>>> print(open('my_file.cif').read())   # mmCIF, N, CA and C atoms and all ligand atoms
data_coords
#
loop_
_atom_site.label_atom_id
_atom_site.label_comp_id
_atom_site.auth_asym_id
_atom_site.auth_seq_id
_atom_site.Cartn_x
_atom_site.Cartn_y
_atom_site.Cartn_z
N MET F 1 16.57 -7.79 -10.75
CA MET F 1 16.33 -7.33 -9.38
C MET F 1 15.84 -5.88 -9.44
N SER F 2 14.77 -5.62 -8.75
CA SER F 2 14.19 -4.29 -8.79
C SER F 2 14.75 -3.41 -7.68
N THR F 3 14.66 -2.10 -7.90
CA THR F 3 15.04 -1.16 -6.85
C THR F 3 13.90 -1.11 -5.84
N ILE F 4 14.16 -0.51 -4.70
CA ILE F 4 13.13 -0.46 -3.66
C ILE F 4 11.90 0.32 -4.14
N GLU F 5 12.13 1.40 -4.87
CA GLU F 5 10.97 2.18 -5.33
C GLU F 5 10.21 1.43 -6.43
N GLU F 6 10.93 0.70 -7.27
CA GLU F 6 10.25 -0.12 -8.29
C GLU F 6 9.44 -1.23 -7.63
N PHE F 7 10.03 -1.83 -6.60
CA PHE F 7 9.34 -2.89 -5.87
C PHE F 7 8.03 -2.38 -5.29
N ILE F 8 8.08 -1.25 -4.62
CA ILE F 8 6.87 -0.69 -3.99
C ILE F 8 5.85 -0.30 -5.06
N GLU F 9 6.30 0.36 -6.11
CA GLU F 9 5.40 0.77 -7.19
C GLU F 9 4.70 -0.45 -7.80
N ALA F 10 5.43 -1.51 -8.00
CA ALA F 10 4.83 -2.73 -8.59
C ALA F 10 3.79 -3.34 -7.65
N ARG F 11 4.07 -3.32 -6.35
CA ARG F 11 3.09 -3.87 -5.39
C ARG F 11 1.84 -3.00 -5.39
N ILE F 12 2.00 -1.68 -5.43
CA ILE F 12 0.85 -0.77 -5.44
C ILE F 12 0.04 -1.00 -6.71
N ASP F 13 0.73 -1.14 -7.85
CA ASP F 13 0.03 -1.38 -9.12
C ASP F 13 -0.85 -2.62 -9.02
N ILE F 14 -0.32 -3.68 -8.44
CA ILE F 14 -1.08 -4.93 -8.33
C ILE F 14 -2.27 -4.77 -7.38
N GLU F 15 -2.04 -4.12 -6.25
CA GLU F 15 -3.14 -3.93 -5.30
C GLU F 15 -4.25 -3.07 -5.91
N GLU F 16 -3.83 -2.04 -6.64
CA GLU F 16 -4.81 -1.16 -7.28
C GLU F 16 -5.59 -1.92 -8.36
N ALA F 17 -4.90 -2.68 -9.18
CA ALA F 17 -5.56 -3.45 -10.23
C ALA F 17 -6.51 -4.50 -9.63
N THR F 18 -6.09 -5.10 -8.56
CA THR F 18 -6.95 -6.09 -7.90
C THR F 18 -8.20 -5.44 -7.35
N ALA F 19 -8.05 -4.28 -6.72
CA ALA F 19 -9.21 -3.57 -6.16
C ALA F 19 -10.16 -3.14 -7.28
N ARG F 20 -9.60 -2.66 -8.37
CA ARG F 20 -10.45 -2.22 -9.50
C ARG F 20 -11.06 -3.41 -10.24
N GLY F 21 -10.48 -4.57 -10.07
CA GLY F 21 -10.96 -5.75 -10.77
C GLY F 21 -12.13 -6.44 -10.10
N THR F 22 -12.54 -5.96 -8.95
CA THR F 22 -13.71 -6.57 -8.31
C THR F 22 -14.95 -6.30 -9.16
N VAL F 23 -15.93 -7.17 -9.02
CA VAL F 23 -17.09 -7.09 -9.93
C VAL F 23 -18.34 -6.50 -9.30
N GLN F 24 -18.25 -6.06 -8.06
CA GLN F 24 -19.43 -5.51 -7.39
C GLN F 24 -19.73 -4.10 -7.91
N ALA F 25 -20.98 -3.69 -7.78
CA ALA F 25 -21.39 -2.37 -8.24
C ALA F 25 -20.67 -1.26 -7.48
N SER F 26 -20.45 -1.49 -6.20
CA SER F 26 -19.79 -0.49 -5.37
C SER F 26 -18.45 -1.04 -4.89
N LEU F 27 -17.48 -0.14 -4.76
CA LEU F 27 -16.18 -0.55 -4.23
C LEU F 27 -16.17 -0.52 -2.70
N SER F 28 -17.25 0.00 -2.12
CA SER F 28 -17.39 0.01 -0.66
C SER F 28 -18.23 -1.19 -0.25
N TRP F 29 -17.75 -1.91 0.72
CA TRP F 29 -18.42 -3.13 1.15
C TRP F 29 -18.86 -3.00 2.60
N GLN F 30 -19.95 -3.70 2.93
CA GLN F 30 -20.48 -3.63 4.29
C GLN F 30 -20.74 -5.03 4.82
N ASN F 31 -20.60 -5.12 6.11
CA ASN F 31 -20.87 -6.35 6.82
C ASN F 31 -22.33 -6.33 7.28
N PHE F 32 -23.12 -7.24 6.76
CA PHE F 32 -24.51 -7.37 7.21
C PHE F 32 -24.54 -8.42 8.30
N THR F 33 -24.38 -7.97 9.52
CA THR F 33 -24.22 -8.86 10.67
C THR F 33 -25.36 -9.86 10.80
N MET F 34 -26.58 -9.40 10.62
CA MET F 34 -27.73 -10.27 10.83
C MET F 34 -27.76 -11.45 9.86
N ASP F 35 -27.28 -11.21 8.63
CA ASP F 35 -27.38 -12.23 7.60
C ASP F 35 -26.11 -13.05 7.43
N GLY F 36 -25.02 -12.64 8.10
CA GLY F 36 -23.75 -13.34 7.90
C GLY F 36 -23.22 -13.12 6.50
N GLU F 37 -23.53 -11.96 5.98
CA GLU F 37 -23.26 -11.70 4.58
C GLU F 37 -22.42 -10.43 4.43
N LEU F 38 -21.54 -10.46 3.44
CA LEU F 38 -20.79 -9.27 3.06
C LEU F 38 -21.38 -8.80 1.74
N ARG F 39 -21.85 -7.55 1.73
CA ARG F 39 -22.49 -7.01 0.52
C ARG F 39 -21.82 -5.70 0.15
N ASP F 40 -21.99 -5.32 -1.12
CA ASP F 40 -21.47 -4.00 -1.48
C ASP F 40 -22.44 -2.93 -0.97
N SER F 41 -21.95 -1.72 -0.86
CA SER F 41 -22.74 -0.65 -0.23
C SER F 41 -23.95 -0.26 -1.04
N ASP F 42 -23.97 -0.58 -2.32
CA ASP F 42 -25.17 -0.33 -3.12
C ASP F 42 -26.19 -1.45 -2.94
N ASN F 43 -25.81 -2.40 -2.10
CA ASN F 43 -26.68 -3.54 -1.81
C ASN F 43 -27.07 -4.28 -3.09
N ALA F 44 -26.15 -4.28 -4.03
CA ALA F 44 -26.44 -4.89 -5.33
C ALA F 44 -26.09 -6.37 -5.40
N GLY F 45 -25.29 -6.83 -4.48
CA GLY F 45 -24.93 -8.23 -4.59
C GLY F 45 -24.18 -8.73 -3.39
N THR F 46 -24.32 -10.02 -3.18
CA THR F 46 -23.58 -10.67 -2.11
C THR F 46 -22.15 -10.89 -2.57
N ILE F 47 -21.22 -10.45 -1.76
CA ILE F 47 -19.82 -10.70 -2.05
C ILE F 47 -19.45 -12.07 -1.52
N MET F 48 -19.88 -12.32 -0.29
CA MET F 48 -19.61 -13.63 0.30
C MET F 48 -20.45 -13.82 1.55
N MET F 49 -20.65 -15.08 1.86
CA MET F 49 -21.25 -15.45 3.14
C MET F 49 -20.08 -15.90 4.01
N CYS F 50 -20.12 -15.51 5.26
CA CYS F 50 -19.03 -15.87 6.16
C CYS F 50 -19.60 -15.97 7.57
N VAL F 51 -19.32 -17.04 8.23
CA VAL F 51 -19.88 -17.28 9.55
C VAL F 51 -19.36 -16.29 10.58
N ALA F 52 -18.08 -16.06 10.57
CA ALA F 52 -17.46 -15.24 11.62
C ALA F 52 -17.66 -13.75 11.35
N ASP F 53 -18.37 -13.10 12.23
CA ASP F 53 -18.61 -11.66 12.09
C ASP F 53 -17.30 -10.88 12.02
N GLU F 54 -16.34 -11.28 12.85
CA GLU F 54 -15.05 -10.59 12.88
C GLU F 54 -14.35 -10.66 11.53
N ASP F 55 -14.47 -11.79 10.86
CA ASP F 55 -13.84 -11.93 9.54
C ASP F 55 -14.54 -11.05 8.51
N ARG F 56 -15.88 -11.04 8.55
CA ARG F 56 -16.62 -10.17 7.63
C ARG F 56 -16.26 -8.71 7.88
N GLN F 57 -16.16 -8.37 9.15
CA GLN F 57 -15.81 -6.99 9.51
C GLN F 57 -14.44 -6.61 8.95
N HIS F 58 -13.50 -7.54 9.09
CA HIS F 58 -12.15 -7.28 8.59
C HIS F 58 -12.17 -7.07 7.07
N ILE F 59 -12.84 -7.94 6.36
CA ILE F 59 -12.89 -7.85 4.90
C ILE F 59 -13.58 -6.55 4.49
N ALA F 60 -14.68 -6.22 5.14
CA ALA F 60 -15.39 -4.98 4.81
C ALA F 60 -14.51 -3.76 5.10
N HIS F 61 -13.73 -3.84 6.17
CA HIS F 61 -12.86 -2.73 6.54
C HIS F 61 -11.76 -2.51 5.48
N HIS F 62 -11.38 -3.57 4.82
CA HIS F 62 -10.34 -3.49 3.79
C HIS F 62 -10.96 -3.64 2.41
N ASP F 63 -12.07 -2.98 2.19
CA ASP F 63 -12.77 -3.09 0.91
C ASP F 63 -11.97 -2.39 -0.20
N PRO F 64 -12.37 -2.62 -1.45
CA PRO F 64 -11.62 -2.02 -2.57
C PRO F 64 -11.51 -0.50 -2.48
N ALA F 65 -12.52 0.16 -1.99
CA ALA F 65 -12.46 1.63 -1.89
C ALA F 65 -11.32 2.05 -0.97
N ARG F 66 -11.19 1.34 0.14
CA ARG F 66 -10.10 1.67 1.05
C ARG F 66 -8.74 1.34 0.43
N VAL F 67 -8.65 0.21 -0.24
CA VAL F 67 -7.38 -0.17 -0.89
C VAL F 67 -6.97 0.92 -1.88
N LEU F 68 -7.92 1.45 -2.63
CA LEU F 68 -7.58 2.50 -3.60
C LEU F 68 -7.13 3.77 -2.91
N ARG F 69 -7.76 4.11 -1.78
CA ARG F 69 -7.30 5.29 -1.02
C ARG F 69 -5.89 5.06 -0.49
N GLN F 70 -5.65 3.84 -0.03
CA GLN F 70 -4.33 3.52 0.49
C GLN F 70 -3.28 3.59 -0.63
N CYS F 71 -3.63 3.12 -1.82
CA CYS F 71 -2.70 3.20 -2.95
C CYS F 71 -2.37 4.65 -3.26
N THR F 72 -3.37 5.51 -3.21
CA THR F 72 -3.15 6.94 -3.46
C THR F 72 -2.18 7.51 -2.41
N ALA F 73 -2.37 7.14 -1.16
CA ALA F 73 -1.50 7.63 -0.09
C ALA F 73 -0.07 7.11 -0.27
N LEU F 74 0.06 5.84 -0.62
CA LEU F 74 1.40 5.28 -0.81
C LEU F 74 2.10 5.96 -1.99
N ARG F 75 1.35 6.22 -3.05
CA ARG F 75 1.96 6.91 -4.20
C ARG F 75 2.40 8.33 -3.83
N ALA F 76 1.66 8.98 -2.94
CA ALA F 76 2.04 10.32 -2.49
C ALA F 76 3.38 10.26 -1.76
N ILE F 77 3.58 9.23 -0.97
CA ILE F 77 4.86 9.07 -0.28
C ILE F 77 5.97 8.82 -1.29
N LEU F 78 5.68 8.02 -2.31
CA LEU F 78 6.69 7.74 -3.35
C LEU F 78 7.06 9.00 -4.13
N ARG F 79 6.13 9.93 -4.26
CA ARG F 79 6.45 11.17 -4.99
C ARG F 79 7.44 12.03 -4.20
N VAL F 80 7.41 11.92 -2.88
CA VAL F 80 8.33 12.69 -2.05
C VAL F 80 9.65 11.93 -1.87
N HIS F 81 9.55 10.67 -1.57
CA HIS F 81 10.75 9.85 -1.34
C HIS F 81 11.09 9.12 -2.64
N ARG F 82 11.78 9.83 -3.49
CA ARG F 82 12.17 9.32 -4.81
C ARG F 82 13.66 9.62 -5.01
N PRO F 83 14.28 8.86 -5.88
CA PRO F 83 15.72 9.07 -6.08
C PRO F 83 15.99 10.27 -6.98
N ASP F 84 17.09 10.95 -6.67
CA ASP F 84 17.59 11.96 -7.60
C ASP F 84 18.56 11.26 -8.56
N GLY F 85 19.27 12.02 -9.34
CA GLY F 85 20.18 11.45 -10.33
C GLY F 85 21.32 10.65 -9.74
N ASP F 86 21.62 10.90 -8.48
CA ASP F 86 22.69 10.16 -7.80
C ASP F 86 22.14 9.03 -6.95
N ARG F 87 20.85 8.70 -7.12
CA ARG F 87 20.18 7.64 -6.35
C ARG F 87 20.16 7.96 -4.86
N GLU F 88 20.03 9.24 -4.54
CA GLU F 88 19.83 9.67 -3.16
C GLU F 88 18.40 10.14 -3.02
N CYS F 89 17.83 9.92 -1.85
CA CYS F 89 16.42 10.23 -1.64
C CYS F 89 16.19 11.74 -1.54
N VAL F 90 15.34 12.23 -2.43
CA VAL F 90 15.02 13.65 -2.45
C VAL F 90 14.30 14.04 -1.15
N GLY F 91 13.41 13.19 -0.68
CA GLY F 91 12.62 13.49 0.51
C GLY F 91 13.41 13.45 1.81
N CYS F 92 14.50 12.74 1.82
CA CYS F 92 15.28 12.59 3.06
C CYS F 92 16.44 13.57 3.14
N THR F 93 16.69 14.33 2.08
CA THR F 93 17.80 15.27 2.11
C THR F 93 17.48 16.38 3.11
N ARG F 94 18.36 16.55 4.05
CA ARG F 94 18.17 17.55 5.11
C ARG F 94 19.47 18.34 5.26
N ASN F 95 19.34 19.52 5.77
CA ASN F 95 20.53 20.28 6.12
C ASN F 95 20.89 20.00 7.56
N ASP F 96 22.19 19.77 7.81
CA ASP F 96 22.61 19.54 9.19
C ASP F 96 22.76 20.89 9.89
N ARG F 97 23.25 20.86 11.11
CA ARG F 97 23.35 22.10 11.90
C ARG F 97 24.24 23.15 11.25
N ALA F 98 25.20 22.70 10.48
CA ALA F 98 26.08 23.63 9.80
C ALA F 98 25.49 24.11 8.48
N GLY F 99 24.29 23.64 8.17
CA GLY F 99 23.65 24.04 6.93
C GLY F 99 24.07 23.21 5.74
N GLU F 100 24.85 22.17 6.00
CA GLU F 100 25.29 21.30 4.91
C GLU F 100 24.24 20.22 4.68
N PRO F 101 23.94 19.95 3.44
CA PRO F 101 22.94 18.90 3.18
C PRO F 101 23.51 17.51 3.49
N SER F 102 22.67 16.69 4.06
CA SER F 102 23.06 15.29 4.27
C SER F 102 22.16 14.46 3.36
N PHE F 103 22.76 13.54 2.70
CA PHE F 103 22.04 12.75 1.71
C PHE F 103 21.87 11.31 2.18
N VAL F 104 20.75 10.74 1.83
CA VAL F 104 20.46 9.35 2.18
C VAL F 104 20.31 8.55 0.88
N PRO F 105 21.10 7.51 0.70
CA PRO F 105 20.91 6.67 -0.48
C PRO F 105 19.46 6.16 -0.50
N ILE F 106 18.88 6.09 -1.69
CA ILE F 106 17.46 5.73 -1.80
C ILE F 106 17.16 4.39 -1.13
N GLY F 107 18.09 3.46 -1.20
CA GLY F 107 17.88 2.15 -0.58
C GLY F 107 17.87 2.18 0.93
N GLU F 108 18.33 3.29 1.51
CA GLU F 108 18.35 3.43 2.97
C GLU F 108 17.25 4.37 3.48
N CYS F 109 16.41 4.85 2.59
CA CYS F 109 15.30 5.73 2.99
C CYS F 109 14.38 4.97 3.95
N VAL F 110 14.22 5.50 5.14
CA VAL F 110 13.40 4.83 6.16
C VAL F 110 11.94 4.71 5.70
N GLU F 111 11.44 5.75 5.07
CA GLU F 111 10.05 5.71 4.62
C GLU F 111 9.85 4.60 3.58
N LEU F 112 10.76 4.50 2.61
CA LEU F 112 10.61 3.46 1.59
C LEU F 112 10.83 2.08 2.19
N ARG F 113 11.76 1.96 3.09
CA ARG F 113 11.97 0.65 3.74
C ARG F 113 10.72 0.25 4.54
N THR F 114 10.11 1.22 5.16
CA THR F 114 8.89 0.93 5.92
C THR F 114 7.77 0.47 4.98
N LEU F 115 7.65 1.14 3.85
CA LEU F 115 6.63 0.73 2.89
C LEU F 115 6.93 -0.65 2.32
N ALA F 116 8.18 -0.89 1.96
CA ALA F 116 8.56 -2.19 1.38
C ALA F 116 8.26 -3.33 2.36
N ALA F 117 8.38 -3.04 3.64
CA ALA F 117 8.15 -4.07 4.67
C ALA F 117 6.70 -4.54 4.73
N ILE F 118 5.81 -3.88 4.00
CA ILE F 118 4.43 -4.35 3.93
C ILE F 118 4.37 -5.71 3.23
N TRP F 119 5.34 -5.95 2.32
CA TRP F 119 5.31 -7.16 1.49
C TRP F 119 6.57 -8.00 1.68
N PRO F 120 6.91 -8.41 2.90
CA PRO F 120 8.18 -9.13 3.14
C PRO F 120 8.21 -10.52 2.52
N ASP F 121 7.06 -11.09 2.23
CA ASP F 121 7.03 -12.45 1.68
C ASP F 121 7.09 -12.48 0.15
N HIS F 122 7.08 -11.32 -0.47
CA HIS F 122 7.14 -11.30 -1.92
C HIS F 122 8.54 -11.74 -2.37
N PRO F 123 8.63 -12.55 -3.44
CA PRO F 123 9.94 -13.06 -3.87
C PRO F 123 10.93 -11.96 -4.26
N ASP F 124 10.44 -10.78 -4.65
CA ASP F 124 11.35 -9.69 -5.03
C ASP F 124 11.79 -8.83 -3.84
N PHE F 125 11.22 -9.11 -2.66
CA PHE F 125 11.62 -8.34 -1.47
C PHE F 125 13.07 -8.68 -1.13
N GLN F 126 13.83 -7.66 -0.81
CA GLN F 126 15.24 -7.87 -0.50
C GLN F 126 15.48 -7.67 1.00
N ALA F 127 16.10 -8.65 1.59
CA ALA F 127 16.30 -8.66 3.05
C ALA F 127 17.05 -7.42 3.54
N GLU F 128 17.94 -6.88 2.73
CA GLU F 128 18.72 -5.72 3.19
C GLU F 128 17.85 -4.47 3.36
N TRP F 129 16.63 -4.49 2.84
CA TRP F 129 15.75 -3.33 3.05
C TRP F 129 15.26 -3.27 4.49
N VAL F 130 15.36 -4.36 5.20
CA VAL F 130 14.89 -4.38 6.60
C VAL F 130 16.00 -3.91 7.53
N ALA F 131 17.21 -4.22 7.21
CA ALA F 131 18.35 -3.94 8.11
C ALA F 131 18.52 -2.46 8.36
ZN ZN F 201 13.38 9.16 1.82
#
>>> encode(input="my_file.cif", output="structure tokens", more="lines below")
Ligand SMILES: [Zn+2]
Amino acid sequence: MSTIEEFIEARIDIEEATARGTVQASLSWQNFTMDGELRDSDNAGTIMMCVADEDRQHIAHHDPARVLRQCTALRAILRVHRPDGDRECVGCTRNDRAGEPSFVPIGECVELRTLAAIWPDHPDFQAEWVA
């Protein structure tokens, strides 16, 4: 069973590898409305033909370039919301009104729980991360 941060890191690794594994010349994709075609931005190849413009638009909007930017953003959040030696979230540690630090167990970090909720159907997702 993985920890919440391991779970998120593993999902990011897979999304990043999948985005980098595409075979088009460009990682940016465009919807060519007139042709019903999704092409890479270098116009080097057809990615797919798709009848529904809305579907092509959606796929183009979530092209590999965007996925990689999203992975970078998610990793930045993981660098802040990470466990210390006591498995408390470094990013969530705050001082209360009396100046005393309050600690949040890493499994209860709202930011990490929010990120983990991106993949609720994954077999390693743990229901208690939602509660
Ligand atoms: Zn946190």
>>> residues_around(input="my_file.cif", residues="Val51 of chain F", least_positions_apart="5", cutoff="8 Å", atoms="only N, CA and C atoms", output="list of chain:residue names")
F:Asp35, F:Gly36, F:Glu37, F:Arg56
>>> write_last_selection(input="my_file.cif", atoms="N, CA and C atoms", output="PDB file, in the coordinates of the input")
ATOM      1  N   ASP F  35     -27.280 -11.210   8.630  1.00  0.00           N
ATOM      2  CA  ASP F  35     -27.380 -12.230   7.600  1.00  0.00           C
ATOM      3  C   ASP F  35     -26.110 -13.050   7.430  1.00  0.00           C
ATOM      4  N   GLY F  36     -25.020 -12.640   8.100  1.00  0.00           N
ATOM      5  CA  GLY F  36     -23.750 -13.340   7.900  1.00  0.00           C
ATOM      6  C   GLY F  36     -23.220 -13.120   6.500  1.00  0.00           C
ATOM      7  N   GLU F  37     -23.530 -11.960   5.980  1.00  0.00           N
ATOM      8  CA  GLU F  37     -23.260 -11.700   4.580  1.00  0.00           C
ATOM      9  C   GLU F  37     -22.420 -10.430   4.430  1.00  0.00           C
ATOM     10  N   ARG F  56     -15.880 -11.040   8.550  1.00  0.00           N
ATOM     11  CA  ARG F  56     -16.620 -10.170   7.630  1.00  0.00           C
ATOM     12  C   ARG F  56     -16.260  -8.710   7.880  1.00  0.00           C
TER      13      ARG F  56
END
>>> residues_near_ligand(input="my_file.cif", ligand="ligand ZN 201 (chain F)", cutoff="6 Å", atoms="only C-alpha atoms and all ligand atoms", output="list in words")
His81, Cys89, Gly91, Cys92, Cys109 and Glu111 of chain F
>>> atom_distance(input="my_file.cif", atom1="atom N of Asp53 of chain F", atom2="atom CA of Ile12 of chain F")
28.9 Å
>>> atom_distance(input="my_file.cif", atom1="atom CA of Pro64 of chain F", atom2="atom CA of Met34 of chain F")
22.5 Å
>>> atom_distance(input="my_file.cif", atom1="atom CA of Cys50 of chain F", atom2="atom N of Leu68 of chain F")
22.4 Å
>>> residues_around(input="my_file.cif", residues="segment 15-19 of chain F", least_positions_apart="6", cutoff="8 Å", atoms="only C-alpha atoms", output="list in words")
Leu27, Asp63, Pro64, Ala65, Val67, Leu68 and Cys71 of chain F
>>> write_last_selection(input="my_file.cif", atoms="N, CA and C atoms", output="mmCIF file, in the coordinates of the input")
data_model
loop_
_atom_site.group_PDB
_atom_site.id
_atom_site.type_symbol
_atom_site.label_atom_id
_atom_site.label_comp_id
_atom_site.auth_asym_id
_atom_site.auth_seq_id
_atom_site.Cartn_x
_atom_site.Cartn_y
_atom_site.Cartn_z
ATOM 1 N N LEU F 27 -17.480 -0.140 -4.760
ATOM 2 C CA LEU F 27 -16.180 -0.550 -4.230
ATOM 3 C C LEU F 27 -16.170 -0.520 -2.700
ATOM 4 N N ASP F 63 -12.070 -2.980 2.190
ATOM 5 C CA ASP F 63 -12.770 -3.090 0.910
ATOM 6 C C ASP F 63 -11.970 -2.390 -0.200
ATOM 7 N N PRO F 64 -12.370 -2.620 -1.450
ATOM 8 C CA PRO F 64 -11.620 -2.020 -2.570
ATOM 9 C C PRO F 64 -11.510 -0.500 -2.480
ATOM 10 N N ALA F 65 -12.520 0.160 -1.990
ATOM 11 C CA ALA F 65 -12.460 1.630 -1.890
ATOM 12 C C ALA F 65 -11.320 2.050 -0.970
ATOM 13 N N VAL F 67 -8.650 0.210 -0.240
ATOM 14 C CA VAL F 67 -7.380 -0.170 -0.890
ATOM 15 C C VAL F 67 -6.970 0.920 -1.880
ATOM 16 N N LEU F 68 -7.920 1.450 -2.630
ATOM 17 C CA LEU F 68 -7.580 2.500 -3.600
ATOM 18 C C LEU F 68 -7.130 3.770 -2.910
ATOM 19 N N CYS F 71 -3.630 3.120 -1.820
ATOM 20 C CA CYS F 71 -2.700 3.200 -2.950
ATOM 21 C C CYS F 71 -2.370 4.650 -3.260
#
>>> closest_residue(input="my_file.cif", among="F:Ser28, F:Ala60, F:Ile8, F:Arg69", to="Arg113 of chain F", atoms="only C-alpha atoms")
F:Ile8
>>> closest_residue(input="my_file.cif", among="F:Ala25, F:Val80, F:Ile4, F:Val110", to="Gln126 of chain F", atoms="only N, CA and C atoms")
F:Ile4
>>> select_by_dssp(input="my_file.cif", residues="chain F", states="alpha helix (DSSP H)", output="ChimeraX atom specification")
/F:4-20,53-61,64-80,110-116
>>> closest_residue(input="my_file.cif", among="F:Arg82, F:Arg11, F:Arg66, F:His61", to="Ile106 of chain F", atoms="all atoms listed in the file")
F:Arg82
>>> decode(input="my_file.cif", residues="segment 108-128 of chain F", atoms="N, CA and C atoms", output="PDB file, in the first residue's frame")
ATOM      1  N   GLU F 108      -3.569  13.689   5.955  1.00  0.00           N
ATOM      2  CA  GLU F 108      -4.703  14.598   6.101  1.00  0.00           C
ATOM      3  C   GLU F 108      -4.477  15.934   5.398  1.00  0.00           C
ATOM      4  N   CYS F 109      -3.369  16.069   4.709  1.00  0.00           N
ATOM      5  CA  CYS F 109      -3.070  17.306   3.975  1.00  0.00           C
ATOM      6  C   CYS F 109      -4.153  17.523   2.909  1.00  0.00           C
ATOM      7  N   VAL F 110      -4.832  18.645   2.997  1.00  0.00           N
ATOM      8  CA  VAL F 110      -5.932  18.933   2.065  1.00  0.00           C
ATOM      9  C   VAL F 110      -5.421  19.022   0.625  1.00  0.00           C
ATOM     10  N   GLU F 111      -4.268  19.631   0.447  1.00  0.00           N
ATOM     11  CA  GLU F 111      -3.731  19.768  -0.903  1.00  0.00           C
ATOM     12  C   GLU F 111      -3.442  18.392  -1.513  1.00  0.00           C
ATOM     13  N   LEU F 112      -2.810  17.509  -0.736  1.00  0.00           N
ATOM     14  CA  LEU F 112      -2.508  16.179  -1.270  1.00  0.00           C
ATOM     15  C   LEU F 112      -3.783  15.372  -1.484  1.00  0.00           C
ATOM     16  N   ARG F 113      -4.723  15.497  -0.586  1.00  0.00           N
ATOM     17  CA  ARG F 113      -5.994  14.783  -0.776  1.00  0.00           C
ATOM     18  C   ARG F 113      -6.706  15.283  -2.041  1.00  0.00           C
ATOM     19  N   THR F 114      -6.612  16.566  -2.268  1.00  0.00           N
ATOM     20  CA  THR F 114      -7.236  17.134  -3.469  1.00  0.00           C
ATOM     21  C   THR F 114      -6.556  16.591  -4.723  1.00  0.00           C
ATOM     22  N   LEU F 115      -5.239  16.515  -4.691  1.00  0.00           N
ATOM     23  CA  LEU F 115      -4.524  15.970  -5.847  1.00  0.00           C
ATOM     24  C   LEU F 115      -4.840  14.489  -6.037  1.00  0.00           C
ATOM     25  N   ALA F 116      -4.838  13.734  -4.954  1.00  0.00           N
ATOM     26  CA  ALA F 116      -5.111  12.291  -5.055  1.00  0.00           C
ATOM     27  C   ALA F 116      -6.497  12.036  -5.647  1.00  0.00           C
ATOM     28  N   ALA F 117      -7.425  12.940  -5.371  1.00  0.00           N
ATOM     29  CA  ALA F 117      -8.805  12.777  -5.854  1.00  0.00           C
ATOM     30  C   ALA F 117      -8.914  12.878  -7.376  1.00  0.00           C
ATOM     31  N   ILE F 118      -7.836  13.254  -8.043  1.00  0.00           N
ATOM     32  CA  ILE F 118      -7.841  13.264  -9.506  1.00  0.00           C
ATOM     33  C   ILE F 118      -7.986  11.833 -10.038  1.00  0.00           C
ATOM     34  N   TRP F 119      -7.496  10.861  -9.255  1.00  0.00           N
ATOM     35  CA  TRP F 119      -7.454   9.464  -9.726  1.00  0.00           C
ATOM     36  C   TRP F 119      -8.234   8.539  -8.791  1.00  0.00           C
ATOM     37  N   PRO F 120      -9.517   8.796  -8.536  1.00  0.00           N
ATOM     38  CA  PRO F 120     -10.272   7.992  -7.560  1.00  0.00           C
ATOM     39  C   PRO F 120     -10.514   6.555  -8.013  1.00  0.00           C
ATOM     40  N   ASP F 121     -10.428   6.302  -9.299  1.00  0.00           N
ATOM     41  CA  ASP F 121     -10.700   4.953  -9.803  1.00  0.00           C
ATOM     42  C   ASP F 121      -9.461   4.063  -9.846  1.00  0.00           C
ATOM     43  N   HIS F 122      -8.317   4.617  -9.512  1.00  0.00           N
ATOM     44  CA  HIS F 122      -7.107   3.809  -9.535  1.00  0.00           C
ATOM     45  C   HIS F 122      -7.158   2.798  -8.377  1.00  0.00           C
ATOM     46  N   PRO F 123      -6.725   1.556  -8.619  1.00  0.00           N
ATOM     47  CA  PRO F 123      -6.816   0.530  -7.569  1.00  0.00           C
ATOM     48  C   PRO F 123      -6.026   0.868  -6.305  1.00  0.00           C
ATOM     49  N   ASP F 124      -5.004   1.712  -6.406  1.00  0.00           N
ATOM     50  CA  ASP F 124      -4.223   2.078  -5.212  1.00  0.00           C
ATOM     51  C   ASP F 124      -4.809   3.272  -4.459  1.00  0.00           C
ATOM     52  N   PHE F 125      -5.856   3.881  -5.017  1.00  0.00           N
ATOM     53  CA  PHE F 125      -6.484   5.014  -4.318  1.00  0.00           C
ATOM     54  C   PHE F 125      -7.144   4.507  -3.039  1.00  0.00           C
ATOM     55  N   GLN F 126      -6.959   5.246  -1.969  1.00  0.00           N
ATOM     56  CA  GLN F 126      -7.521   4.834  -0.686  1.00  0.00           C
ATOM     57  C   GLN F 126      -8.688   5.747  -0.317  1.00  0.00           C
ATOM     58  N   ALA F 127      -9.795   5.129  -0.013  1.00  0.00           N
ATOM     59  CA  ALA F 127     -11.035   5.871   0.263  1.00  0.00           C
ATOM     60  C   ALA F 127     -10.871   6.877   1.399  1.00  0.00           C
ATOM     61  N   GLU F 128     -10.025   6.582   2.362  1.00  0.00           N
ATOM     62  CA  GLU F 128      -9.891   7.503   3.501  1.00  0.00           C
ATOM     63  C   GLU F 128      -9.239   8.834   3.101  1.00  0.00           C
TER      64      GLU F 128
END
